[in-house]
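J.: I am sharing data-v8.tsv, which consists of TSV, C-alpha atoms:
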chain	number	residue	atom	x	y	z
A	1	MET	CA	7.89	-0.89	7.56
A	2	ARG	CA	8.21	1.91	10.06
A	3	SER	CA	7.25	2.79	13.63
A	4	LEU	CA	4.74	5.41	14.77
A	5	PRO	CA	4.32	7.33	18.03
A	6	LYS	CA	1.82	5.61	20.30
A	7	PRO	CA	-1.52	7.46	20.40
A	8	THR	CA	-2.13	9.57	23.49
A	9	ILE	CA	-5.91	9.27	23.15
A	10	LYS	CA	-7.57	7.34	25.98
A	11	VAL	CA	-9.98	4.55	25.09
A	12	GLU	CA	-12.54	5.79	27.63
A	13	ASP	CA	-12.63	9.20	25.96
A	14	VAL	CA	-13.16	7.60	22.56
A	15	PHE	CA	-15.92	5.29	23.77
A	16	ILE	CA	-17.82	7.92	25.75
A	17	LYS	CA	-17.74	10.28	22.78
A	18	THR	CA	-18.77	7.67	20.21
A	19	ILE	CA	-21.87	6.58	22.14
A	20	SER	CA	-22.83	10.10	23.25
A	21	LYS	CA	-25.59	10.43	20.66
A	22	VAL	CA	-27.16	6.98	20.95
A	23	LYS	CA	-30.90	7.69	21.08
A	24	ASP	CA	-32.07	4.25	22.13
A	25	LYS	CA	-31.94	4.56	25.93
A	26	SER	CA	-31.83	0.83	26.54
A	27	LEU	CA	-28.96	0.35	24.09
A	28	LYS	CA	-27.06	3.29	25.55
A	29	ARG	CA	-27.36	1.90	29.09
A	30	ARG	CA	-26.08	-1.47	27.90
A	31	LEU	CA	-23.20	0.18	26.07
A	32	GLU	CA	-22.24	2.30	29.07
A	33	LYS	CA	-21.93	-0.85	31.18
A	34	CYS	CA	-19.27	-2.09	28.75
A	35	LEU	CA	-16.77	0.65	29.57
A	36	PRO	CA	-14.97	-1.09	32.48
A	37	GLU	CA	-14.40	-4.22	30.36
A	38	ILE	CA	-13.25	-2.14	27.40
A	39	ILE	CA	-10.68	-0.36	29.58
A	40	ILE	CA	-9.44	-3.64	31.07
A	41	ASP	CA	-9.13	-5.28	27.66
A	42	SER	CA	-7.36	-2.23	26.19
A	43	ASN	CA	-4.83	-2.32	29.04
A	44	GLU	CA	-4.31	-6.03	28.43
A	45	PHE	CA	-3.75	-5.29	24.74
A	46	ASP	CA	-1.02	-2.78	25.60
A	47	LEU	CA	0.73	-5.25	27.90
A	48	LYS	CA	0.56	-8.14	25.46
A	49	ALA	CA	1.62	-5.99	22.48
A	50	SER	CA	4.77	-4.97	24.32
A	51	ASN	CA	5.80	-8.63	24.59
A	52	ALA	CA	4.53	-10.12	21.31
A	53	LYS	CA	1.81	-11.98	23.21
A	54	LEU	CA	-1.28	-10.59	21.49
A	55	HIS	CA	-2.15	-14.07	20.23
A	56	GLU	CA	-2.91	-15.00	23.85
A	57	ILE	CA	-5.87	-12.60	24.07
A	58	ALA	CA	-9.04	-14.68	24.01
A	59	GLU	CA	-11.64	-14.08	21.32
A	60	LYS	CA	-15.11	-12.90	22.34
A	61	SER	CA	-18.59	-12.81	20.89
A	62	HIS	CA	-19.98	-10.30	23.42
A	63	VAL	CA	-18.84	-7.39	25.57
A	64	ASN	CA	-19.98	-7.39	29.19
A	65	GLY	CA	-22.00	-10.48	28.30
A	66	ASP	CA	-24.69	-8.28	26.78
A	67	ILE	CA	-23.45	-6.25	23.81
A	68	THR	CA	-22.91	-8.43	20.75
A	69	LYS	CA	-19.94	-8.15	18.45
A	70	ASP	CA	-22.26	-6.81	15.74
A	71	GLU	CA	-23.43	-4.02	18.04
A	72	MET	CA	-19.83	-3.07	18.84
A	73	ILE	CA	-18.91	-3.15	15.16
A	74	LYS	CA	-21.76	-0.71	14.54
A	75	VAL	CA	-20.26	1.58	17.19
A	76	TYR	CA	-17.00	1.61	15.24
A	77	ASP	CA	-18.49	1.80	11.75
A	78	GLY	CA	-21.32	4.21	12.44
A	79	ARG	CA	-20.14	6.29	15.41
A	80	LEU	CA	-16.36	6.49	14.97
A	81	ALA	CA	-15.38	5.89	11.34
A	82	LYS	CA	-18.42	7.37	9.63
A	83	LYS	CA	-18.18	10.93	8.34
A	84	ASP	CA	-19.89	13.45	10.67
A	85	SER	CA	-20.19	10.80	13.41
A	86	PRO	CA	-19.58	11.77	17.08
A	87	GLY	CA	-16.14	10.14	17.19
A	88	ARG	CA	-14.97	11.13	13.71
A	89	GLU	CA	-12.38	13.55	15.12
A	90	PHE	CA	-10.68	10.69	16.96
A	91	TYR	CA	-10.81	8.56	13.81
A	92	MET	CA	-9.09	11.21	11.71
A	93	THR	CA	-6.44	11.84	14.37
A	94	LEU	CA	-5.58	8.15	14.43
A	95	ARG	CA	-5.80	7.71	10.66
A	96	TYR	CA	-3.42	10.57	9.88
A	97	PRO	CA	-0.62	10.78	12.46
A	98	LYS	CA	1.13	14.13	12.35
A	99	GLY	CA	3.76	14.23	9.62
A	100	ILE	CA	2.95	10.72	8.32
A	101	ASP	CA	1.14	10.08	5.04
A	102	LYS	CA	2.46	6.64	4.07
A	103	CYS	CA	1.24	3.31	5.40
A	104	PRO	CA	3.53	2.16	8.24
A	105	LEU	CA	2.93	-1.49	7.37
A	106	CYS	CA	4.50	-1.26	3.90
A	107	GLY	CA	6.13	2.16	4.20
A	108	GLN	CA	5.17	3.04	0.63
A	109	LEU	CA	1.49	3.40	-0.25
A	110	PRO	CA	-0.72	6.26	0.97
A	111	ILE	CA	-2.83	5.80	4.10
A	112	LYS	CA	-6.47	5.15	3.23
A	113	THR	CA	-8.02	3.61	6.35
A	114	LEU	CA	-7.56	2.31	9.89
A	115	ASP	CA	-6.75	-1.36	10.33
A	116	HIS	CA	-7.71	-3.33	13.44
A	117	TYR	CA	-4.55	-5.17	14.48
A	118	LEU	CA	-6.79	-7.67	16.27
A	119	ALA	CA	-9.95	-8.07	14.21
A	120	LYS	CA	-13.04	-6.37	15.62
A	121	THR	CA	-15.11	-9.38	14.59
A	122	LYS	CA	-13.12	-11.52	17.04
A	123	HIS	CA	-12.27	-8.88	19.65
A	124	PRO	CA	-15.29	-6.53	19.83
A	125	SER	CA	-14.13	-4.99	23.13
A	126	LEU	CA	-11.10	-3.65	21.22
A	127	ALA	CA	-13.12	-2.27	18.29
A	128	ILE	CA	-12.51	1.36	19.27
A	129	SER	CA	-9.27	0.95	21.25
A	130	PRO	CA	-6.75	3.49	19.86
A	131	ASN	CA	-3.74	1.18	20.17
A	132	ASN	CA	-5.58	-1.50	18.19
A	133	LEU	CA	-6.24	0.93	15.33
A	134	VAL	CA	-3.33	1.28	12.91
A	135	PRO	CA	-3.30	3.62	9.88
A	136	ALA	CA	-2.88	1.56	6.73
A	137	CYS	CA	-3.13	1.60	2.96
A	138	SER	CA	-5.96	-0.25	1.26
A	139	ASP	CA	-3.67	-3.03	0.03
A	140	CYS	CA	-2.19	-3.86	3.44
A	141	ASN	CA	-5.61	-3.69	5.07
A	142	LYS	CA	-7.01	-6.09	2.47
A	143	ILE	CA	-4.08	-8.52	2.71
A	144	LYS	CA	-4.34	-8.82	6.46
A	145	GLY	CA	-8.13	-9.01	6.55
A	146	SER	CA	-9.44	-10.50	9.79
A	147	VAL	CA	-6.55	-12.93	10.28
A	148	ASN	CA	-5.28	-12.98	13.86
A	149	PRO	CA	-1.83	-14.24	14.91
A	150	ILE	CA	-1.68	-17.77	16.33
A	151	ASN	CA	1.77	-17.42	17.94
A	152	SER	CA	4.44	-14.80	18.63
A	153	GLU	CA	6.29	-15.58	15.40
A	154	GLN	CA	3.18	-14.66	13.40
A	155	GLU	CA	2.60	-11.33	15.07
A	156	THR	CA	3.32	-8.81	12.36
A	157	LEU	CA	5.11	-5.63	13.37
A	158	HIS	CA	2.88	-3.27	15.32
A	159	PRO	CA	3.91	0.31	14.47
A	160	TYR	CA	3.11	1.57	17.99
A	161	PHE	CA	5.02	-1.13	19.86
A	162	ASP	CA	7.78	-2.41	17.53
A	163	ASN	CA	10.56	-0.09	16.44
A	164	ILE	CA	13.12	-1.44	13.97
A	165	ASP	CA	13.96	1.98	12.52
A	166	GLY	CA	17.37	2.14	14.19
A	167	ASP	CA	18.83	-0.81	12.27
A	168	GLN	CA	18.83	-1.83	8.65
A	169	TRP	CA	16.76	-4.94	7.97
A	170	LEU	CA	15.82	-4.42	4.34
A	171	PHE	CA	18.32	-5.15	1.58
A	172	ALA	CA	18.21	-5.72	-2.17
A	173	GLU	CA	20.02	-7.75	-4.80
A	174	VAL	CA	20.56	-6.59	-8.38
A	175	ILE	CA	19.43	-9.05	-11.03
A	176	HIS	CA	21.39	-8.72	-14.26
A	177	THR	CA	18.47	-8.63	-16.63
A	178	ASP	CA	17.51	-6.25	-19.41
A	179	PRO	CA	16.12	-4.02	-18.06
A	180	VAL	CA	17.83	-4.44	-14.71
A	181	SER	CA	15.63	-5.60	-11.83
A	182	LEU	CA	15.92	-6.09	-8.08
A	183	ILE	CA	14.71	-8.49	-5.46
A	184	PHE	CA	14.33	-7.41	-1.84
A	185	TYR	CA	14.93	-9.48	1.26
A	186	ILE	CA	15.27	-9.28	5.03
A	187	ARG	CA	18.64	-9.69	6.76
A	188	SER	CA	18.58	-9.24	10.50
A	189	PRO	CA	21.20	-7.11	12.28
A	190	ASP	CA	23.61	-8.82	14.70
A	191	ASN	CA	21.78	-7.52	17.77
A	192	ALA	CA	18.37	-8.90	16.73
A	193	THR	CA	16.62	-11.64	18.67
A	194	GLN	CA	15.49	-14.77	16.88
A	195	LEU	CA	11.87	-13.88	17.61
A	196	MET	CA	12.16	-10.43	16.09
A	197	GLU	CA	13.91	-11.87	13.04
A	198	LYS	CA	11.03	-14.30	12.50
A	199	ARG	CA	8.43	-11.56	13.01
A	200	VAL	CA	10.06	-9.15	10.56
A	201	LYS	CA	10.38	-11.87	7.92
A	202	TYR	CA	6.76	-12.92	8.46
A	203	HIS	CA	5.63	-9.29	8.15
A	204	PHE	CA	7.65	-8.90	4.95
A	205	GLU	CA	6.17	-12.05	3.42
A	206	LEU	CA	2.57	-11.55	4.56
A	207	TYR	CA	2.34	-8.06	3.09
A	208	GLU	CA	4.09	-9.19	-0.11
A	209	LEU	CA	6.64	-6.41	0.19
A	210	ASN	CA	9.17	-7.86	-2.24
A	211	SER	CA	6.59	-7.62	-5.01
A	212	LEU	CA	5.65	-4.05	-4.07
A	213	TYR	CA	9.23	-2.84	-3.70
A	214	SER	CA	10.45	-4.58	-6.86
A	215	SER	CA	7.72	-2.84	-8.84
A	216	GLU	CA	8.56	0.55	-7.35
A	217	ALA	CA	12.27	-0.04	-7.98
A	218	ALA	CA	11.66	-0.92	-11.64
A	219	SER	CA	9.94	2.43	-12.13
A	220	GLU	CA	12.70	4.30	-10.30
A	221	ILE	CA	15.44	2.64	-12.34
A	222	SER	CA	13.65	3.62	-15.54
A	223	ASP	CA	13.35	7.21	-14.32
A	224	ILE	CA	17.07	7.54	-13.51
A	225	SER	CA	18.40	5.72	-16.59
A	226	TYR	CA	19.13	8.91	-18.53
A	227	GLN	CA	20.99	10.48	-15.59
A	228	ILE	CA	23.02	7.30	-15.02
A	229	GLY	CA	23.93	7.20	-18.69
A	230	ARG	CA	25.12	10.81	-18.63
A	231	LEU	CA	27.21	10.17	-15.53
A	232	PHE	CA	28.80	7.18	-17.22
A	233	ASP	CA	29.67	9.27	-20.28
A	234	LEU	CA	31.28	11.96	-18.10
A	235	GLY	CA	33.16	9.84	-15.58
A	236	GLY	CA	32.67	6.18	-16.26
A	237	ALA	CA	31.70	3.53	-13.75
A	238	GLU	CA	33.33	5.36	-10.83
A	239	ALA	CA	31.16	8.46	-11.36
A	240	VAL	CA	28.07	6.27	-11.43
A	241	ARG	CA	29.13	4.40	-8.30
A	242	LEU	CA	29.89	7.62	-6.41
A	243	HIS	CA	26.50	9.13	-7.29
A	244	LEU	CA	24.64	5.99	-6.28
A	245	THR	CA	26.59	5.75	-3.02
A	246	GLU	CA	25.79	9.33	-2.11
A	247	THR	CA	22.13	8.79	-2.93
A	248	ALA	CA	22.06	5.61	-0.85
A	249	ASP	CA	23.68	7.41	2.09
A	250	SER	CA	21.11	10.19	1.85
A	251	CYS	CA	18.21	7.71	1.79
A	252	LEU	CA	19.66	5.68	4.65
A	253	SER	CA	20.05	8.76	6.81
A	254	SER	CA	16.34	9.42	6.36
A	255	ARG	CA	14.95	5.87	6.56
A	256	LYS	CA	17.11	2.78	6.98
A	257	ASN	CA	14.37	0.41	5.84
A	258	SER	CA	12.93	2.08	2.77
A	259	TRP	CA	13.08	0.31	-0.57
A	260	LYS	CA	14.96	3.29	-2.01
A	261	SER	CA	17.70	2.94	0.60
A	262	ALA	CA	18.08	-0.76	-0.19
A	263	MET	CA	17.88	-0.20	-3.94
A	264	TYR	CA	20.53	2.52	-4.21
A	265	GLN	CA	22.80	0.68	-1.81
A	266	ALA	CA	22.58	-2.47	-3.95
A	267	LEU	CA	23.08	-0.60	-7.23
A	268	ALA	CA	26.14	1.22	-5.88
A	269	ALA	CA	27.73	-2.07	-4.82
A	270	ASP	CA	27.07	-3.80	-8.14
A	271	SER	CA	30.00	-3.39	-10.53
A	272	TRP	CA	28.01	-4.79	-13.46
A	273	TYR	CA	25.30	-2.13	-13.12
A	274	CYS	CA	27.76	0.71	-12.65
A	275	SER	CA	29.59	-0.34	-15.82
A	276	GLN	CA	26.47	-0.33	-18.00
A	277	ARG	CA	25.60	2.63	-20.21
A	278	THR	CA	21.86	2.75	-19.57
A	279	SER	CA	20.78	5.74	-21.69
A	280	SER	CA	20.50	5.84	-25.48
Represent the structure of the file as structure tokens.
T.:
Amino acid sequence: MRSLPKPTIKVEDVFIKTISKVKDKSLKRRLEKCLPEIIIDSNEFDLKASNAKLHEIAEKSHVNGDITKDEMIKVYDGRLAKKDSPGREFYMTLRYPKGIDKCPLCGQLPIKTLDHYLAKTKHPSLAISPNNLVPACSDCNKIKGSVNPINSEQETLHPYFDNIDGDQWLFAEVIHTDPVSLIFYIRSPDNATQLMEKRVKYHFELYELNSLYSSEAASEISDISYQIGRLFDLGGAEAVRLHLTETADSCLSSRKNSWKSAMYQALAADSWYCSQRTSS
């Protein structure tokens, strides 16, 4: 879970470029007439996204009363997303934001595609709208599918419009098993609104982030077990706790809501874990 800079690409530039090589003159004329509606609907999207009101945007089967949703989907699939298509440059710019290679929806897996926040099958006028196109990993894209929110509480975090990076929301609890395991959960900061708390929790549950983070944490704990054991031999539980605290502080300074930040913070605070000799 992390925010991204809002794209600076204009929807009109994307649309004009994507349809620039349409050879069917009749189809191209019909597509060109859609531009005003596409701009209006993209502006509405921006306004609603800023207030968690995207569920209020009405679904459509046509654009400008003439272009079907299937025709608009073909514009996205064949003229924006497809390799060597007219709009491919825009697609790649949106898919790989500068300096970001991990999915902003889960914050962990590599970006593989663009996800339509509002499904293009239900909102064809937003099929090529930059602010409706979010870089995502394959898993998050598959989990969300074409499901649209039905109320504000079920609007998952939109990386361009929702920024929770300044506060810690993600925490973990150490489970005293052999081998040790963790569960992750959301705890809202004191300054959070009830709506944002519900949205973050819904996002966390929908994308099954506890399962993902617990799996990643299990691998990390296995990887550090030798080092933790050596630290315990040299300085006991206090040396282990100090190392884990410093690691947690380093992770938190980089990303407050990464699973590593939550994991190391939880391990450092757990006296049972710090007192275990984990290496053979």
J.: Rounded to one decimal place, report the CA of Asn51 in chain A-CA of Leu105 in chain A distance in Å.
T.: 18.9 Å
J.: Dig up all the protein and nucleic acid residues within 9 Å of (-6.5, -6.4, 17.7) in the file frame, using only C-alpha atoms, and format them as a list in words.
T.: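 These residues have at least one counted atom within 9 Å: Phe45, Leu54, Ile57, Asp115, His116, Tyr117, Leu118, Ala119, Lys120, Lys122, His123, Leu126, Ala127, Ser129, Asn131, Asn132, Leu133 and Asn148 of chain A.
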J.: Work out how far apart CA of Ile224 in chain A and CA of Arg241 in chain A are and give it in Å to one decimal.
T.: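 Taking CA of Ile224 in chain A as the start and CA of Arg241 in chain A as the end point, the length is 13.5 Å.
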J.: Would you write out, as a Markdown table, a table of all residues in range 65-173 of chain A that have an atom no more than 12 Å from an atom of range 253-277 of chain A, listing for each the closest atom pair and the distance in Å to one decimal, considering only C-alpha atoms and ordering rows by chain and rising residue number?
T.:
| residue | atom | partner | partner_atom | distance |
| --- | --- | --- | --- | --- |
| A:Lys102 | CA | A:Ser258 | CA | 11.5 |
| A:Pro104 | CA | A:Ser258 | CA | 10.9 |
| A:Leu105 | CA | A:Ser258 | CA | 11.6 |
| A:Cys106 | CA | A:Ser258 | CA | 9.1 |
| A:Gly107 | CA | A:Ser258 | CA | 6.9 |
| A:Gln108 | CA | A:Ser258 | CA | 8.1 |
| A:Leu109 | CA | A:Ser258 | CA | 11.9 |
| A:Asn163 | CA | A:Asn257 | CA | 11.3 |
| A:Ile164 | CA | A:Asn257 | CA | 8.4 |
| A:Asp165 | CA | A:Lys256 | CA | 6.4 |
| A:Gly166 | CA | A:Lys256 | CA | 7.2 |
| A:Asp167 | CA | A:Lys256 | CA | 6.6 |
| A:Gln168 | CA | A:Lys256 | CA | 5.2 |
| A:Trp169 | CA | A:Asn257 | CA | 6.2 |
| A:Leu170 | CA | A:Asn257 | CA | 5.3 |
| A:Phe171 | CA | A:Ala262 | CA | 4.7 |
| A:Ala172 | CA | A:Ala262 | CA | 5.3 |
| A:Glu173 | CA | A:Ala266 | CA | 5.9 |
J.: Residues within 6 Å of Pro135 in chain A, please, as a list of chain:residue names. Count all atoms listed in the file; anything in the same chain fewer than 5 positions from it doesn't count.
T.: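 Neighbouring residues, sequence-local ones excluded: A:Arg95, A:Thr113, A:Leu114.
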J.: Would you mind reading off the distance between CA of Arg79 in chain A and CA of Ile16 in chain A, one decimal, in Å?
T.: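 Computing it gives 10.7 Å between the two atoms.
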J.: Would you mind listing what lies within 8 Å of Lys144 in chain A as a compact mmCIF listing (two decimals) with C-alpha atoms, keeping the file's coordinate frame, with all atoms listed in the file counted and same-chain residues fewer than 4 positions away left out?
T.:
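Ended up saving to result-v1.txt:
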# COMPACT_ATOMS: atom_id res chain seq x y z
CA CYS A 140 -2.19 -3.86 3.44
CA LEU A 206 2.57 -11.55 4.56
CA TYR A 207 2.34 -8.06 3.09
J.: Choose the residue, out of A:Glu32, A:Glu205, A:Asp233, A:Glu197, that has the smallest atom-to-atom separation from Ile19 in chain A; count all atoms listed in the file.
T.: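 Closest candidate: A:Glu32.
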J.: For Pro97 in chain A, which of A:Asn141, A:Thr8, A:Ser125, A:Lys74 is the closest residue, counting only C-alpha atoms?
T.: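 Nearest candidate to Pro97 in chain A out of A:Asn141, A:Thr8, A:Ser125, A:Lys74: A:Thr8.
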J.: Check the smallest atom-to-atom distance from each of A:Ser181, A:His203, A:Ala49, A:Glu44 to Tyr160 in chain A using all atoms listed in the file, then report the winner.
T.: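 Smallest separation from Tyr160 in chain A among the options: A:Ala49.
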J.: Nearest to Leu35 in chain A among A:Ala237, A:Ile128, A:Lys69, A:Asp139, with distances taken over only C-alpha atoms: which residue is it?
T.: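 Among the listed residues, the smallest separation from Leu35 in chain A belongs to A:Ile128.
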